[in-house]
>>> print(open('structure13.csv').read())   # CSV, C-alpha atoms
chain,number,residue,atom,x,y,z
R,1,MET,CA,-192.1,108.7,111.6
R,2,LEU,CA,-189.7,105.9,110.7
R,3,ASP,CA,-192.1,103.8,108.5
R,4,LYS,CA,-190.1,104.3,105.4
R,5,GLU,CA,-186.8,103.4,107.0
R,6,ILE,CA,-188.3,100.2,108.6
R,7,SER,CA,-189.9,99.2,105.3
R,8,GLU,CA,-186.6,99.6,103.5
R,9,GLY,CA,-184.8,97.7,106.2
R,10,CYS,CA,-187.3,94.8,105.8
R,11,LYS,CA,-186.6,94.7,102.1
R,12,ARG,CA,-182.8,94.6,102.6
R,13,LEU,CA,-183.1,91.8,105.1
R,14,LYS,CA,-185.7,90.0,102.9
R,15,LEU,CA,-188.4,90.3,105.6
R,16,SER,CA,-192.0,90.7,104.7
R,17,GLN,CA,-193.8,94.1,104.7
R,18,ASN,CA,-196.1,92.4,107.3
R,19,LEU,CA,-193.2,92.9,109.8
R,20,ALA,CA,-193.1,96.6,109.0
R,21,GLU,CA,-196.8,96.9,109.4
R,22,LYS,CA,-197.0,94.9,112.6
R,23,ALA,CA,-194.2,97.0,114.1
R,24,GLN,CA,-196.6,99.9,114.4
R,25,THR,CA,-199.4,98.0,116.2
R,26,ILE,CA,-197.8,95.4,118.4
R,27,THR,CA,-197.1,96.3,122.0
R,28,GLY,CA,-195.2,94.7,124.8
R,29,GLU,CA,-194.4,95.4,128.4
R,30,ASN,CA,-190.7,95.6,127.6
R,31,HIS,CA,-188.4,95.5,124.5
R,32,GLN,CA,-187.9,91.7,124.7
R,33,GLU,CA,-191.7,91.0,124.8
R,34,TYR,CA,-192.3,93.4,121.9
R,35,LEU,CA,-189.5,91.7,119.8
R,36,LEU,CA,-190.9,88.3,120.6
R,37,LYS,CA,-194.4,89.2,119.5
R,38,LEU,CA,-193.0,90.7,116.4
R,39,ILE,CA,-191.0,87.6,115.5
R,40,GLU,CA,-194.0,85.3,116.3
R,41,SER,CA,-196.2,87.5,114.0
R,42,GLU,CA,-193.6,87.1,111.2
R,43,ILE,CA,-193.5,83.3,111.6
R,44,GLU,CA,-197.3,83.0,111.5
R,45,TYR,CA,-197.3,85.2,108.4
R,46,ARG,CA,-194.7,83.1,106.6
R,47,GLN,CA,-196.5,79.9,107.5
R,48,ALA,CA,-199.8,81.2,106.1
R,49,ALA,CA,-198.0,82.5,103.0
R,50,ARG,CA,-196.4,79.1,102.4
R,51,ILE,CA,-199.7,77.3,102.7
R,52,ASP,CA,-201.3,79.7,100.3
R,53,LYS,CA,-198.4,79.1,97.8
R,54,LEU,CA,-198.7,75.3,98.1
R,55,ILE,CA,-202.5,75.5,97.6
R,56,ASN,CA,-202.2,77.7,94.6
R,57,LYS,CA,-199.4,75.6,93.1
R,58,ALA,CA,-201.3,72.3,93.6
R,59,GLY,CA,-203.8,73.1,90.8
R,60,PHE,CA,-207.1,72.4,92.5
R,61,TYR,CA,-210.1,73.3,90.3
R,62,THR,CA,-212.0,74.4,93.4
R,63,ILE,CA,-211.0,74.5,97.1
R,64,LYS,CA,-212.8,72.0,99.3
R,65,THR,CA,-212.3,71.3,103.0
R,66,PHE,CA,-213.6,68.6,105.3
R,67,GLN,CA,-216.2,71.1,106.6
R,68,GLY,CA,-219.5,70.0,105.2
R,69,PHE,CA,-218.2,66.6,103.9
R,70,ARG,CA,-220.5,63.7,104.8
R,71,PHE,CA,-218.4,60.6,105.6
R,72,ASP,CA,-221.6,58.7,106.4
R,73,GLU,CA,-222.5,58.9,102.7
R,74,ILE,CA,-219.5,57.0,101.5
R,75,ASN,CA,-218.1,53.5,102.2
R,76,LEU,CA,-214.6,53.2,103.7
R,77,PRO,CA,-212.6,50.0,104.1
R,78,ASN,CA,-212.9,48.6,107.6
R,79,ASP,CA,-209.4,49.6,108.6
R,80,VAL,CA,-209.7,53.2,107.2
R,81,THR,CA,-211.4,55.9,109.4
R,82,PRO,CA,-212.2,59.5,108.8
R,83,GLU,CA,-209.7,60.4,111.5
R,84,TYR,CA,-207.0,58.4,109.7
R,85,LEU,CA,-207.7,60.2,106.4
R,86,LYS,CA,-207.9,63.7,108.1
R,87,GLY,CA,-204.6,62.9,110.0
R,88,LEU,CA,-202.9,62.1,106.7
R,89,GLY,CA,-201.6,58.8,108.0
R,90,PHE,CA,-201.5,57.4,104.5
R,91,LEU,CA,-198.9,59.9,103.5
R,92,LYS,CA,-196.5,58.8,106.3
R,93,THR,CA,-196.6,55.2,105.0
R,94,LYS,CA,-196.7,56.2,101.3
R,95,THR,CA,-200.0,54.3,101.0
R,96,ASN,CA,-201.9,54.9,97.8
R,97,ILE,CA,-205.7,55.5,97.7
R,98,VAL,CA,-208.2,54.6,95.0
R,99,MET,CA,-211.6,56.2,95.2
R,100,TYR,CA,-214.2,54.3,93.2
R,101,GLY,CA,-217.7,55.4,92.5
R,102,ASN,CA,-220.1,56.9,90.1
R,103,VAL,CA,-220.1,60.6,89.1
R,104,GLY,CA,-221.3,62.8,92.0
R,105,THR,CA,-220.3,60.4,94.8
R,106,GLY,CA,-217.8,62.8,96.4
R,107,LYS,CA,-214.5,61.5,95.1
R,108,THR,CA,-213.2,64.8,93.8
R,109,TYR,CA,-214.5,66.6,96.9
R,110,LEU,CA,-212.8,64.2,99.3
R,111,SER,CA,-209.5,64.0,97.4
R,112,THR,CA,-209.4,67.8,97.1
R,113,ALA,CA,-210.0,68.2,100.9
R,114,LEU,CA,-207.2,65.7,101.5
R,115,GLY,CA,-204.9,67.6,99.2
R,116,VAL,CA,-205.7,71.0,100.9
R,117,GLU,CA,-205.1,69.4,104.3
R,118,ALA,CA,-201.7,68.1,103.0
R,119,CYS,CA,-200.8,71.7,101.8
R,120,LYS,CA,-201.8,73.0,105.3
R,121,ALA,CA,-199.3,70.5,106.7
R,122,GLY,CA,-196.6,71.9,104.4
R,123,ILE,CA,-196.7,68.9,102.0
R,124,GLU,CA,-196.2,69.7,98.3
R,125,THR,CA,-199.3,68.4,96.3
R,126,ARG,CA,-200.4,68.3,92.7
R,127,PHE,CA,-203.9,67.8,91.4
R,128,PHE,CA,-204.7,66.8,87.8
R,129,ARG,CA,-207.5,65.6,85.7
R,130,THR,CA,-205.8,62.4,84.4
R,131,ALA,CA,-206.5,63.3,80.7
R,132,ALA,CA,-205.0,66.8,81.3
R,133,LEU,CA,-201.9,65.4,82.8
R,134,VAL,CA,-201.4,63.0,79.9
R,135,ASN,CA,-201.8,65.9,77.5
R,136,ARG,CA,-199.1,67.8,79.3
R,137,LEU,CA,-196.8,64.8,79.4
R,138,SER,CA,-197.3,64.3,75.6
R,139,GLU,CA,-196.7,68.0,74.9
R,140,ALA,CA,-193.5,67.9,77.0
R,141,LYS,CA,-192.3,64.8,75.2
R,142,ARG,CA,-192.9,66.5,71.8
R,143,ASP,CA,-191.1,69.6,73.0
R,144,GLY,CA,-188.1,67.7,74.5
R,145,THR,CA,-188.9,68.9,78.0
R,146,LEU,CA,-190.3,65.7,79.5
R,147,THR,CA,-187.4,65.2,81.9
R,148,ILE,CA,-187.8,68.7,83.2
R,149,PHE,CA,-191.6,68.3,83.6
R,150,MET,CA,-191.2,65.0,85.4
R,151,THR,CA,-188.6,66.3,87.7
R,152,ARG,CA,-190.9,69.2,88.8
R,153,LEU,CA,-193.9,66.9,89.1
R,154,LEU,CA,-192.1,64.4,91.2
R,155,LYS,CA,-191.1,67.0,93.8
R,156,ALA,CA,-194.7,66.6,95.1
R,157,GLU,CA,-195.2,64.1,97.9
R,158,LEU,CA,-198.9,63.7,97.0
R,159,ILE,CA,-200.2,63.5,93.4
R,160,ILE,CA,-204.0,63.4,92.9
R,161,LEU,CA,-205.3,62.0,89.6
R,162,ASP,CA,-209.0,62.8,89.1
R,163,GLU,CA,-211.3,61.3,86.5
R,164,TRP,CA,-209.1,58.3,85.9
R,165,GLY,CA,-210.4,56.3,82.9
R,166,TYR,CA,-213.0,58.9,81.8
R,167,VAL,CA,-211.1,59.6,78.5
R,168,PRO,CA,-209.5,56.8,76.4
R,169,LEU,CA,-205.7,57.2,76.1
R,170,ASP,CA,-203.5,56.3,73.2
R,171,ILE,CA,-200.5,54.0,73.5
R,172,THR,CA,-198.1,56.9,74.1
R,173,GLY,CA,-200.3,58.5,76.7
R,174,SER,CA,-200.8,55.2,78.5
R,175,GLN,CA,-197.0,54.6,78.6
R,176,LEU,CA,-196.3,58.1,79.9
R,177,LEU,CA,-198.9,57.7,82.6
R,178,PHE,CA,-197.5,54.3,83.6
R,179,GLU,CA,-194.1,56.0,83.9
R,180,ILE,CA,-195.5,58.4,86.4
R,181,ILE,CA,-197.1,55.6,88.4
R,182,SER,CA,-193.8,53.6,88.3
R,183,GLU,CA,-191.7,56.6,89.5
R,184,CYS,CA,-194.1,57.2,92.4
R,185,TYR,CA,-194.1,53.6,93.6
R,186,GLU,CA,-193.1,53.5,97.3
R,187,ARG,CA,-191.7,57.0,97.0
R,188,LYS,CA,-194.8,59.2,96.6
R,189,THR,CA,-198.5,58.9,97.5
R,190,LEU,CA,-201.1,58.7,94.8
R,191,ILE,CA,-204.8,59.3,95.1
R,192,ILE,CA,-206.7,58.0,92.0
R,193,ASN,CA,-210.4,58.8,91.4
R,194,THR,CA,-212.3,56.6,89.0
R,195,ASN,CA,-215.7,55.3,88.1
R,196,ILE,CA,-214.1,52.2,86.5
R,197,GLU,CA,-213.8,49.0,88.5
R,198,PHE,CA,-210.2,47.8,88.9
R,199,SER,CA,-210.7,44.7,86.7
R,200,ARG,CA,-211.4,46.9,83.7
R,201,TRP,CA,-208.3,49.1,84.1
R,202,ILE,CA,-206.2,47.0,81.7
>>> encode(input="structure13.csv", output="structure tokens")
Amino acid sequence: MLDKEISEGCKRLKLSQNLAEKAQTITGENHQEYLLKLIESEIEYRQAARIDKLINKAGFYTIKTFQGFRFDEINLPNDVTPEYLKGLGFLKTKTNIVMYGNVGTGKTYLSTALGVEACKAGIETRFFRTAALVNRLSEAKRDGTLTIFMTRLLKAELIILDEWGYVPLDITGSQLLFEIISECYERKTLIINTNIEFSRWI
């Protein structure tokens, strides 16, 4: 059998072991059909691996999808539909979203589902509890690595800030958070989840 040689060849060409495994099971009526099926299998594998990587990197506390989410239990603005949200139209226009409501009203669920959907579309996403992000920003500032952390964070196209306003922030934390918001303006998309009405943010 040539399994070992095929596996070694995949390594040298930086192809996945999925290709070596599929080479043993895929069939085709001719050489070209066999090769095409093998290539398609590798493309599908890489797409799935990229999605998994994006989801893992995003930092979701739990994975939620739209399956089981009840849109009829929340209030959406008149010009916002479930289809618009599911289609990620807000990302195309860099439109920010603020989800306001009491604890247990589905803000984290919906924002996570949107984040997972973005990852599935190949969009780099980050999910943070707001206080946890501020702590990391403060630590990076103390360590002299704030610029590096900010650069990595701002590679994401979608940043989700959960539990906004749940924990009081000191002046430094507020300034660092404002810097993130400022850097994202018209360049990235933010989703902010809060139980504090907008008039009390300041």
>>> atom_distance(input="structure13.csv", atom1="CA of Asn193 (chain R)", atom2="CA of Leu161 (chain R)")
6.3 Å
>>> closest_residue(input="structure13.csv", among="R:Asn135, R:Lys57, R:Thr81, R:Arg129", to="Thr172 (chain R)", atoms="all atoms listed in the file")
R:Asn135
>>> closest_residue(input="structure13.csv", among="R:Glu5, R:Glu117, R:Glu197, R:Glu139", to="Leu158 (chain R)", atoms="all atoms listed in the file")
R:Glu117
>>> closest_residue(input="structure13.csv", among="R:Leu190, R:Ile196, R:Leu19, R:Leu76", to="Glu44 (chain R)", atoms="only C-alpha atoms")
R:Leu19
>>> closest_residue(input="structure13.csv", among="R:Phe149, R:Gln32, R:Glu179, R:Ala121", to="Gly89 (chain R)", atoms="all atoms listed in the file")
R:Ala121
>>> closest_residue(input="structure13.csv", among="R:Gly144, R:Pro168, R:Gly115, R:Gly106", to="Ala131 (chain R)", atoms="only C-alpha atoms")
R:Pro168
>>> closest_residue(input="structure13.csv", among="R:Leu2, R:Ile160, R:Leu114, R:Met99", to="Phe66 (chain R)", atoms="all atoms listed in the file")
R:Leu114
>>> atom_distance(input="structure13.csv", atom1="CA of Ile43 (chain R)", atom2="CA of Arg12 (chain R)")
18.0 Å
>>> atom_distance(input="structure13.csv", atom1="CA of Tyr61 (chain R)", atom2="CA of Phe127 (chain R)")
8.4 Å
>>> residues_around(input="structure13.csv", residues="region 15-17 of chain R", least_positions_apart="3", cutoff="12 Å", atoms="all atoms listed in the file", output="number ranges by chain")
R: 3-12, 20-24, 38-39, 41-46, 49
>>> residues_near_point(input="structure13.csv", point="(-207.6, 67.1, 101.7)", cutoff="9 Å", atoms="all atoms listed in the file", output="compact mmCIF listing (two decimals) with C-alpha atoms, keeping the file's coordinate frame")
# COMPACT_ATOMS: atom_id res chain seq x y z
CA LYS R 64 -212.80 72.00 99.30
CA THR R 65 -212.30 71.30 103.00
CA PHE R 66 -213.60 68.60 105.30
CA LEU R 85 -207.70 60.20 106.40
CA LYS R 86 -207.90 63.70 108.10
CA LEU R 88 -202.90 62.10 106.70
CA TYR R 109 -214.50 66.60 96.90
CA LEU R 110 -212.80 64.20 99.30
CA SER R 111 -209.50 64.00 97.40
CA THR R 112 -209.40 67.80 97.10
CA ALA R 113 -210.00 68.20 100.90
CA LEU R 114 -207.20 65.70 101.50
CA GLY R 115 -204.90 67.60 99.20
CA VAL R 116 -205.70 71.00 100.90
CA GLU R 117 -205.10 69.40 104.30
CA ALA R 118 -201.70 68.10 103.00
CA CYS R 119 -200.80 71.70 101.80
>>> decode(input="structure13.csv", residues="region 98-122 of chain R", atoms="N, CA and C atoms", output="PDB file, in the first residue's frame")
ATOM      1  N   VAL R  98     -27.117  47.794  19.278  1.00  0.00           N
ATOM      2  CA  VAL R  98     -27.224  47.815  20.733  1.00  0.00           C
ATOM      3  C   VAL R  98     -28.442  46.991  21.126  1.00  0.00           C
ATOM      4  N   MET R  99     -28.227  45.970  21.942  1.00  0.00           N
ATOM      5  CA  MET R  99     -29.321  45.142  22.447  1.00  0.00           C
ATOM      6  C   MET R  99     -29.569  45.539  23.901  1.00  0.00           C
ATOM      7  N   TYR R 100     -30.773  46.030  24.141  1.00  0.00           N
ATOM      8  CA  TYR R 100     -31.112  46.527  25.468  1.00  0.00           C
ATOM      9  C   TYR R 100     -32.238  45.691  26.076  1.00  0.00           C
ATOM     10  N   GLY R 101     -32.070  45.292  27.338  1.00  0.00           N
ATOM     11  CA  GLY R 101     -33.120  44.529  28.006  1.00  0.00           C
ATOM     12  C   GLY R 101     -32.610  43.970  29.318  1.00  0.00           C
ATOM     13  N   ASN R 102     -33.529  43.502  30.109  1.00  0.00           N
ATOM     14  CA  ASN R 102     -33.167  42.920  31.400  1.00  0.00           C
ATOM     15  C   ASN R 102     -32.422  41.602  31.222  1.00  0.00           C
ATOM     16  N   VAL R 103     -31.843  41.132  32.304  1.00  0.00           N
ATOM     17  CA  VAL R 103     -31.161  39.836  32.288  1.00  0.00           C
ATOM     18  C   VAL R 103     -32.158  38.744  31.892  1.00  0.00           C
ATOM     19  N   GLY R 104     -31.709  37.847  30.993  1.00  0.00           N
ATOM     20  CA  GLY R 104     -32.557  36.731  30.598  1.00  0.00           C
ATOM     21  C   GLY R 104     -33.471  37.007  29.426  1.00  0.00           C
ATOM     22  N   THR R 105     -33.249  38.141  28.737  1.00  0.00           N
ATOM     23  CA  THR R 105     -34.129  38.473  27.609  1.00  0.00           C
ATOM     24  C   THR R 105     -33.548  38.054  26.253  1.00  0.00           C
ATOM     25  N   GLY R 106     -32.414  37.353  26.261  1.00  0.00           N
ATOM     26  CA  GLY R 106     -31.902  36.785  25.006  1.00  0.00           C
ATOM     27  C   GLY R 106     -30.814  37.575  24.314  1.00  0.00           C
ATOM     28  N   LYS R 107     -30.280  38.605  24.977  1.00  0.00           N
ATOM     29  CA  LYS R 107     -29.261  39.437  24.337  1.00  0.00           C
ATOM     30  C   LYS R 107     -27.998  38.638  24.018  1.00  0.00           C
ATOM     31  N   THR R 108     -27.497  37.933  25.011  1.00  0.00           N
ATOM     32  CA  THR R 108     -26.271  37.146  24.813  1.00  0.00           C
ATOM     33  C   THR R 108     -26.501  36.037  23.800  1.00  0.00           C
ATOM     34  N   TYR R 109     -27.663  35.393  23.887  1.00  0.00           N
ATOM     35  CA  TYR R 109     -28.005  34.310  22.948  1.00  0.00           C
ATOM     36  C   TYR R 109     -27.966  34.837  21.518  1.00  0.00           C
ATOM     37  N   LEU R 110     -28.698  35.932  21.261  1.00  0.00           N
ATOM     38  CA  LEU R 110     -28.799  36.451  19.900  1.00  0.00           C
ATOM     39  C   LEU R 110     -27.461  36.966  19.394  1.00  0.00           C
ATOM     40  N   SER R 111     -26.733  37.685  20.230  1.00  0.00           N
ATOM     41  CA  SER R 111     -25.446  38.225  19.780  1.00  0.00           C
ATOM     42  C   SER R 111     -24.452  37.100  19.499  1.00  0.00           C
ATOM     43  N   THR R 112     -24.504  36.035  20.298  1.00  0.00           N
ATOM     44  CA  THR R 112     -23.633  34.882  20.038  1.00  0.00           C
ATOM     45  C   THR R 112     -24.016  34.204  18.733  1.00  0.00           C
ATOM     46  N   ALA R 113     -25.310  34.026  18.503  1.00  0.00           N
ATOM     47  CA  ALA R 113     -25.771  33.412  17.252  1.00  0.00           C
ATOM     48  C   ALA R 113     -25.320  34.232  16.044  1.00  0.00           C
ATOM     49  N   LEU R 114     -25.385  35.558  16.169  1.00  0.00           N
ATOM     50  CA  LEU R 114     -24.915  36.431  15.087  1.00  0.00           C
ATOM     51  C   LEU R 114     -23.412  36.283  14.898  1.00  0.00           C
ATOM     52  N   GLY R 115     -22.685  36.189  16.005  1.00  0.00           N
ATOM     53  CA  GLY R 115     -21.233  36.014  15.923  1.00  0.00           C
ATOM     54  C   GLY R 115     -20.850  34.696  15.280  1.00  0.00           C
ATOM     55  N   VAL R 116     -21.551  33.637  15.643  1.00  0.00           N
ATOM     56  CA  VAL R 116     -21.276  32.318  15.051  1.00  0.00           C
ATOM     57  C   VAL R 116     -21.582  32.350  13.556  1.00  0.00           C
ATOM     58  N   GLU R 117     -22.681  33.012  13.196  1.00  0.00           N
ATOM     59  CA  GLU R 117     -23.042  33.121  11.777  1.00  0.00           C
ATOM     60  C   GLU R 117     -21.968  33.894  11.016  1.00  0.00           C
ATOM     61  N   ALA R 118     -21.422  34.931  11.643  1.00  0.00           N
ATOM     62  CA  ALA R 118     -20.344  35.698  11.016  1.00  0.00           C
ATOM     63  C   ALA R 118     -19.118  34.817  10.797  1.00  0.00           C
ATOM     64  N   CYS R 119     -18.777  34.008  11.790  1.00  0.00           N
ATOM     65  CA  CYS R 119     -17.639  33.087  11.656  1.00  0.00           C
ATOM     66  C   CYS R 119     -17.865  32.116  10.499  1.00  0.00           C
ATOM     67  N   LYS R 120     -19.096  31.626  10.378  1.00  0.00           N
ATOM     68  CA  LYS R 120     -19.422  30.706   9.284  1.00  0.00           C
ATOM     69  C   LYS R 120     -19.258  31.378   7.922  1.00  0.00           C
ATOM     70  N   ALA R 121     -19.406  32.708   7.913  1.00  0.00           N
ATOM     71  CA  ALA R 121     -19.231  33.470   6.666  1.00  0.00           C
ATOM     72  C   ALA R 121     -17.778  33.881   6.457  1.00  0.00           C
ATOM     73  N   GLY R 122     -16.887  33.401   7.349  1.00  0.00           N
ATOM     74  CA  GLY R 122     -15.469  33.708   7.209  1.00  0.00           C
ATOM     75  C   GLY R 122     -15.069  35.052   7.782  1.00  0.00           C
TER      76      GLY R 122
END
